[in-house]
Amino acid sequence: MEQVRKPEDSHVFISHRRLDTKNNLTSLLNNALGGYGLQVYLGQDECGTGNAVCPAIQIAINSASVLIALLSPHYAESASCLNEICWMLRSSLDGKAFILVLCDVEHGDLAHIEKGRYATAFERHQSEGIEPTEVTEKWKTTLKNVSKMPGLLFKTLESDYGKFVNEIVNRVIPKVKWPPLEVATHPVGLDQGLRELDDHIQQQSSTKVVGIAGVGGIGKSTLAKYVFNLRRSKFSRASYLFNVRKKDDLTYLQQQLLRDLMGKDWEIPNTNIGKTILKRILKGLKVLIVLDGVEDWDTIETVLDVNAMEPGSQIFITSRDKDILRDSSLNTLVYEVKPLKNNHARELFCHHAFDQSNPFEGYEDLLEEILKDCQGLPLSLKVSGEQLAGLRRLERRF
C-alpha cells in the first residue's frame, strides 16, 4: 500500500531510519496496517535539521492516534528522526498510543547515550558542530525518557518477521481512533436504545446476525451508526454499507466491502466471483459489517455468504420490514426500534426548535400538540422542530 499523501488523514505514524528498516520491517508493517484500511504516514529521515520538524510531519503526528517509533542502529544519525521522536513523545502526553520497537538496539542504548550504540552518532553531532548543544541535549533527554517505556525487541537475524509484524498490528488495531460516522446533531435517547439492543443481543450470546427493524424515520440507521462507532475498535476490520437496495448489478456493494475490509480497490466482474473473493478474505477475520436499508434478503445472499463469517464476527442489518429478517435461514435476532419516550421526544424537538432542551415560554401547549402528532418518531420531531425554528426566524424579521 502506498503511503498516504495527506498527513491529516493518517491513523498511524511511523518514525524509522530507512537505511536500517525501509526494505524489510517498515515495508512489511506498512503493508500489514494498510491491509486493515489504516492510513499510514512514514517519517522522512532526511527532512529538516536542528530543532525543526517538517510541517507535514507535525500534522501527521498530531492527526495519528497511534505513534510507532522503530529505533534502529543508525536512527540517531538522523536529525529528522530525533526531531520526530521528540514531537511524538510530546504528542503522546495528550493520550496518543506510543509503541516503541527496538530493532537491534536495547533500552540501555537509549538510557546511556555515552556508552550505548548511539554514542558515535551524538559525538558526531556535537564535535562537528552540526547541531547546537541545547538541541543535542534535548534529543538525549527524549531518548532517556523513551528508554523507560516498555518496548518490543526485534533482532534482524533471529526474529520471525511475520509473527513480529502481526504482534505490532494486534497492538495497533485496538488503539486506532477511527473517524466516527456522523450519527446525529442531537443524539437524544440513543443510550436507551443501545441498552435495549444489548439486552436483546445477550439473550443469544452466539448471535452473528442482528436485525434492526422499524418504520421509516424511527432511527434505525442512527442507532446502527451509533453501535458501529462504539464497537468498531473491537473488530479487526469493519464496513458500513449505506442504502443497500436491490439492483441489477450488486458488485458495487462487494467492491465497497472489499475496499473497507482490505483497504484497496478490487475489480469484480460479477457477483459470483465477488462472493467467492469475500468468502476467502473473511476466513480467519473477526469483522463487523452493517448493511443499512435492506429491502429483501436475496440482496444479502447475492452479495455475501454470511455463513462464511468467522465466530466472533457480527453483522447488523437495518430494514423497515422485520419479516424479511425473520424469514432468513440464519436465525437472525431481530430488535424493533421503539419510538422515543416522551421526555426524550420533548428534548429532541426543543433542541431543533429552540436550540435548548426546554421550550420557550408560551410554546408549551403547541409543544404538546406536536409531540402527540409526531408519536415519538425522531425524524418527524427533527423536521417539525426545524420548521418551527424557521417560522420563529421569519417572525423576528418582520
# chains A, B, ... in the order shown; residues from 1 in each chain; ligands from 1

$ residues_around --residues "A:Glu182" --least-positions-apart "4" --cutoff "10 Å" --atoms "only C-alpha atoms" --output "list in words"
Thr222, Lys225, Tyr226 and Asn229 of chain A

$ select_by_dssp --residues "stretch 97-144 of chain A" --states "alpha helix (DSSP H)" --output "number ranges by chain"
A: 107-111, 119-127, 133-144

$ closest_residue --among "A:Leu38, A:Ala76, A:Val303, A:Cys86" --to "A:Trp178" --atoms "only C-alpha atoms"
A:Leu38

$ residues_around --residues "A:Phe98" --least-positions-apart "3" --cutoff "12 Å" --atoms "only C-alpha atoms" --output "short mmCIF file (atom, residue, chain, number, x, y, z; two decimals) with N, CA, C and O atoms, in the first residue's frame"
data_model
loop_
_atom_site.label_atom_id
_atom_site.label_comp_id
_atom_site.auth_asym_id
_atom_site.auth_seq_id
_atom_site.Cartn_x
_atom_site.Cartn_y
_atom_site.Cartn_z
N VAL A 12 -1.92 6.16 11.62
CA VAL A 12 -0.69 5.68 12.26
C VAL A 12 0.50 6.44 11.70
O VAL A 12 0.61 6.63 10.48
N PHE A 13 1.40 6.87 12.58
CA PHE A 13 2.65 7.49 12.13
C PHE A 13 3.80 6.59 12.55
O PHE A 13 3.86 6.11 13.69
N ILE A 14 4.73 6.35 11.61
CA ILE A 14 5.89 5.51 11.89
C ILE A 14 7.17 6.31 11.68
O ILE A 14 7.42 6.82 10.59
N SER A 15 7.95 6.43 12.73
CA SER A 15 9.27 7.05 12.63
C SER A 15 10.29 5.93 12.47
O SER A 15 10.32 4.99 13.28
N ILE A 61 1.74 13.52 12.80
CA ILE A 61 1.84 13.05 14.18
C ILE A 61 0.64 13.52 14.99
O ILE A 61 0.06 12.76 15.77
N ALA A 64 -2.50 11.40 13.80
CA ALA A 64 -2.50 9.96 14.06
C ALA A 64 -2.92 9.66 15.49
O ALA A 64 -2.66 10.44 16.41
N SER A 65 -3.57 8.52 15.66
CA SER A 65 -3.94 8.09 17.01
C SER A 65 -2.95 7.07 17.56
O SER A 65 -2.95 6.79 18.76
N VAL A 66 -2.09 6.53 16.69
CA VAL A 66 -1.05 5.59 17.14
C VAL A 66 0.29 6.03 16.56
O VAL A 66 0.41 6.28 15.36
N LEU A 67 1.29 6.13 17.43
CA LEU A 67 2.64 6.54 17.02
C LEU A 67 3.59 5.37 17.25
O LEU A 67 3.63 4.81 18.34
N ILE A 68 4.32 5.00 16.21
CA ILE A 68 5.26 3.88 16.30
C ILE A 68 6.67 4.39 16.05
O ILE A 68 6.94 5.01 15.02
N ALA A 69 7.57 4.13 16.99
CA ALA A 69 8.97 4.50 16.84
C ALA A 69 9.79 3.24 16.63
O ALA A 69 9.89 2.41 17.53
N LEU A 70 10.35 3.09 15.43
CA LEU A 70 11.23 1.97 15.13
C LEU A 70 12.67 2.43 15.31
O LEU A 70 13.25 3.04 14.41
N ILE A 85 10.93 11.91 17.05
CA ILE A 85 10.61 11.21 18.29
C ILE A 85 10.38 12.20 19.44
O ILE A 85 9.59 11.94 20.35
N TRP A 87 8.86 15.08 19.00
CA TRP A 87 7.49 15.53 18.77
C TRP A 87 6.49 14.43 19.13
O TRP A 87 5.42 14.69 19.68
N MET A 88 6.86 13.20 18.82
CA MET A 88 5.98 12.06 19.13
C MET A 88 5.78 11.92 20.63
O MET A 88 4.67 11.69 21.11
N LEU A 89 6.88 12.03 21.39
CA LEU A 89 6.79 11.87 22.83
C LEU A 89 5.90 12.96 23.43
O LEU A 89 5.07 12.69 24.30
N ARG A 90 6.07 14.18 22.94
CA ARG A 90 5.24 15.27 23.43
C ARG A 90 3.77 15.04 23.07
O ARG A 90 2.88 15.25 23.89
N SER A 91 3.53 14.55 21.87
CA SER A 91 2.17 14.30 21.42
C SER A 91 1.52 13.16 22.21
O SER A 91 0.31 13.16 22.44
N SER A 92 2.33 12.18 22.64
CA SER A 92 1.79 11.03 23.37
C SER A 92 1.25 11.44 24.74
O SER A 92 0.44 10.74 25.33
N LEU A 93 1.70 12.58 25.24
CA LEU A 93 1.21 13.07 26.52
C LEU A 93 -0.26 13.48 26.44
O LEU A 93 -0.92 13.62 27.47
N ASP A 94 -0.76 13.66 25.21
CA ASP A 94 -2.16 14.03 25.01
C ASP A 94 -3.06 12.80 24.88
O ASP A 94 -4.22 12.91 24.50
N GLY A 95 -2.50 11.63 25.15
CA GLY A 95 -3.32 10.42 25.14
C GLY A 95 -3.13 9.52 23.93
O GLY A 95 -3.79 8.48 23.81
N VAL A 101 9.51 0.18 19.34
CA VAL A 101 10.08 -1.04 18.76
C VAL A 101 11.58 -0.85 18.69
O VAL A 101 12.07 0.09 18.07
N VAL A 146 12.24 7.88 26.69
CA VAL A 146 11.69 6.77 25.91
C VAL A 146 12.21 5.43 26.45
O VAL A 146 11.50 4.42 26.42
N MET A 149 10.06 3.38 28.73
CA MET A 149 8.84 2.77 28.22
C MET A 149 9.06 1.29 27.89
O MET A 149 10.16 0.90 27.49
N PRO A 150 8.02 0.47 28.00
CA PRO A 150 8.15 -0.91 27.53
C PRO A 150 8.31 -0.92 26.01
O PRO A 150 7.75 -0.07 25.32
N GLY A 151 9.08 -1.84 25.51
CA GLY A 151 9.30 -1.89 24.06
C GLY A 151 9.34 -3.31 23.54
O GLY A 151 9.61 -4.26 24.29
N LEU A 152 9.06 -3.45 22.24
CA LEU A 152 9.15 -4.74 21.58
C LEU A 152 10.56 -4.89 21.01
O LEU A 152 11.06 -4.00 20.31
N ILE A 168 2.77 -6.38 16.37
CA ILE A 168 2.61 -4.92 16.35
C ILE A 168 1.21 -4.55 15.89
O ILE A 168 0.54 -3.70 16.49
N ARG A 171 -1.43 -4.87 18.41
CA ARG A 171 -1.38 -3.80 19.41
C ARG A 171 -1.95 -2.49 18.86
O ARG A 171 -2.50 -1.69 19.61
N VAL A 172 -1.79 -2.30 17.57
CA VAL A 172 -2.24 -1.05 16.95
C VAL A 172 -3.75 -1.00 16.81
O VAL A 172 -4.38 0.01 17.17
N LYS A 175 -6.14 0.40 19.36
CA LYS A 175 -5.83 1.76 19.80
C LYS A 175 -6.16 2.83 18.75
O LYS A 175 -6.07 4.02 19.04
N VAL A 176 -6.51 2.38 17.57
CA VAL A 176 -6.81 3.34 16.49
C VAL A 176 -8.15 4.01 16.75
O VAL A 176 -9.15 3.36 17.02
#

$ residues_around --residues "A:Ser384" --least-positions-apart "4" --cutoff "10 Å" --atoms "only C-alpha atoms" --output "ChimeraX atom specification"
/A:349-350,352-353,370-371,373-374,378-380,388-390

$ write_last_selection --atoms "all heavy atoms" --output "CSV table (one decimal), in the first residue's frame"
chain,number,residue,atom,x,y,z
A,349,PHE,N,-37.1,17.6,20.2
A,349,PHE,CA,-37.8,18.6,19.5
A,349,PHE,C,-37.3,20.0,19.9
A,349,PHE,O,-37.1,20.9,19.0
A,349,PHE,CB,-39.3,18.5,19.7
A,349,PHE,CG,-40.1,19.6,19.1
A,349,PHE,CD1,-40.5,19.6,17.8
A,349,PHE,CD2,-40.4,20.7,19.9
A,349,PHE,CE1,-41.2,20.6,17.2
A,349,PHE,CE2,-41.1,21.8,19.3
A,349,PHE,CZ,-41.5,21.7,18.0
A,350,CYS,N,-37.1,20.2,21.2
A,350,CYS,CA,-36.7,21.5,21.7
A,350,CYS,C,-35.3,21.9,21.2
A,350,CYS,O,-35.0,23.1,20.9
A,350,CYS,CB,-36.8,21.5,23.2
A,350,CYS,SG,-38.4,21.6,23.9
A,352,HIS,N,-34.0,21.2,18.3
A,352,HIS,CA,-34.1,21.6,16.9
A,352,HIS,C,-34.9,22.9,16.8
A,352,HIS,O,-34.7,23.8,15.9
A,352,HIS,CB,-34.8,20.5,16.1
A,352,HIS,CG,-33.9,19.4,15.8
A,352,HIS,ND1,-32.8,19.5,15.0
A,352,HIS,CD2,-33.9,18.1,16.3
A,352,HIS,CE1,-32.2,18.3,14.9
A,352,HIS,NE2,-32.8,17.5,15.7
A,353,ALA,N,-35.9,23.1,17.7
A,353,ALA,CA,-36.8,24.3,17.6
A,353,ALA,C,-36.2,25.5,18.3
A,353,ALA,O,-36.4,26.6,17.9
A,353,ALA,CB,-38.2,23.9,18.1
A,370,ILE,N,-47.6,19.0,19.1
A,370,ILE,CA,-46.6,18.5,18.1
A,370,ILE,C,-46.1,17.1,18.6
A,370,ILE,O,-45.9,16.2,17.8
A,370,ILE,CB,-45.5,19.5,18.0
A,370,ILE,CG1,-46.0,20.7,17.3
A,370,ILE,CG2,-44.3,18.8,17.1
A,370,ILE,CD1,-44.9,21.8,17.1
A,371,LEU,N,-45.8,17.0,19.9
A,371,LEU,CA,-45.3,15.7,20.4
A,371,LEU,C,-46.4,14.6,20.2
A,371,LEU,O,-46.0,13.4,19.8
A,371,LEU,CB,-45.1,15.8,21.9
A,371,LEU,CG,-43.9,16.7,22.3
A,371,LEU,CD1,-43.7,16.7,23.8
A,371,LEU,CD2,-42.6,16.2,21.6
A,373,ASP,N,-48.6,14.5,17.7
A,373,ASP,CA,-48.6,14.2,16.3
A,373,ASP,C,-47.4,13.4,15.8
A,373,ASP,O,-47.5,12.5,14.9
A,373,ASP,CB,-48.7,15.5,15.5
A,373,ASP,CG,-50.0,16.2,15.6
A,373,ASP,OD1,-51.0,15.6,16.0
A,373,ASP,OD2,-50.1,17.5,15.4
A,374,CYS,N,-46.2,13.7,16.4
A,374,CYS,CA,-45.0,13.0,15.9
A,374,CYS,C,-44.9,11.6,16.5
A,374,CYS,O,-44.1,10.8,15.9
A,374,CYS,CB,-43.8,13.8,16.4
A,374,CYS,SG,-43.6,15.4,15.5
A,378,PRO,N,-38.2,10.2,15.7
A,378,PRO,CA,-37.1,11.2,15.7
A,378,PRO,C,-37.1,12.1,14.5
A,378,PRO,O,-36.9,13.3,14.6
A,378,PRO,CB,-35.8,10.3,15.8
A,378,PRO,CG,-36.3,9.1,16.5
A,378,PRO,CD,-37.7,8.8,16.0
A,379,LEU,N,-37.3,11.5,13.3
A,379,LEU,CA,-37.2,12.3,12.1
A,379,LEU,C,-38.4,13.3,12.0
A,379,LEU,O,-38.2,14.5,11.6
A,379,LEU,CB,-37.3,11.4,10.8
A,379,LEU,CG,-37.2,12.1,9.5
A,379,LEU,CD1,-35.9,12.8,9.4
A,379,LEU,CD2,-37.3,11.1,8.3
A,380,SER,N,-39.6,12.9,12.4
A,380,SER,CA,-40.7,13.8,12.5
A,380,SER,C,-40.4,15.0,13.5
A,380,SER,O,-40.7,16.1,13.2
A,380,SER,CB,-42.0,13.1,12.9
A,380,SER,OG,-42.3,12.2,11.9
A,388,LEU,N,-40.5,24.9,13.0
A,388,LEU,CA,-40.8,25.9,14.0
A,388,LEU,C,-39.7,27.0,14.1
A,388,LEU,O,-40.0,28.2,14.2
A,388,LEU,CB,-41.2,25.3,15.3
A,388,LEU,CG,-41.6,26.2,16.4
A,388,LEU,CD1,-42.8,27.1,16.0
A,388,LEU,CD2,-41.9,25.5,17.7
A,389,ALA,N,-38.5,26.5,14.1
A,389,ALA,CA,-37.3,27.4,14.2
A,389,ALA,C,-37.3,28.4,13.0
A,389,ALA,O,-37.1,29.6,13.2
A,389,ALA,CB,-36.0,26.6,14.3
A,390,GLY,N,-37.7,27.8,11.8
A,390,GLY,CA,-37.7,28.7,10.7
A,390,GLY,C,-38.8,29.8,10.8
A,390,GLY,O,-38.6,30.9,10.4

$ closest_residue --among "A:Glu368, A:Cys103, A:Arg237, A:Leu330" --to "A:Ser159" --atoms "only C-alpha atoms"
A:Cys103

$ atom_distance --atom1 "atom CA of A:Phe154" --atom2 "atom CA of A:Arg117"
15.4 Å

$ residues_around --residues "A:Asp265" --least-positions-apart "4" --cutoff "9 Å" --atoms "only C-alpha atoms" --output "VMD selection string"
chain A and resid 255 to 256 258 to 259

$ atom_distance --atom1 "atom CA of A:Val188" --atom2 "atom CA of A:Pro359"
15.7 Å

$ select_by_dssp --residues "stretch 199-363 of chain A" --states "strand (DSSP E)" --output "MDAnalysis selection string"
chainID A and resid 209:213 237:241 287:291 314:319 333:336

$ atom_distance --atom1 "atom CA of A:Arg17" --atom2 "atom CA of A:Glu134"
22.9 Å

$ closest_residue --among "A:Asn31, A:Lys208, A:Leu153, A:Phe354" --to "A:His107" --atoms "only C-alpha atoms"
A:Leu153

$ closest_residue --among "A:Gln375, A:Ser63, A:Ser239, A:Gln314" --to "A:Met262" --atoms "only C-alpha atoms"
A:Ser239

$ closest_residue --among "A:Leu100, A:Val183, A:Met309, A:Val215" --to "A:Pro339" --atoms "only C-alpha atoms"
A:Val215

$ residues_around --residues "A:Pro7" --least-positions-apart "2" --cutoff "10 Å" --atoms "only C-alpha atoms" --output "list in words"
Gln3, Val4, Arg5, Asp9, Ser10, His11, Val12, Phe13, Gln39, Val40, Tyr41, Leu42, Pro55, Ala56, Ile57, Gln58, Ile59, Ala60, Ile61, Asn62, Ser63 and Ala64 of chain A

$ residues_around --residues "A:Asp191" --least-positions-apart "5" --cutoff "10 Å" --atoms "only C-alpha atoms" --output "list of chain:residue names"
A:Glu196, A:Leu197, A:Leu223, A:Tyr226, A:Val227
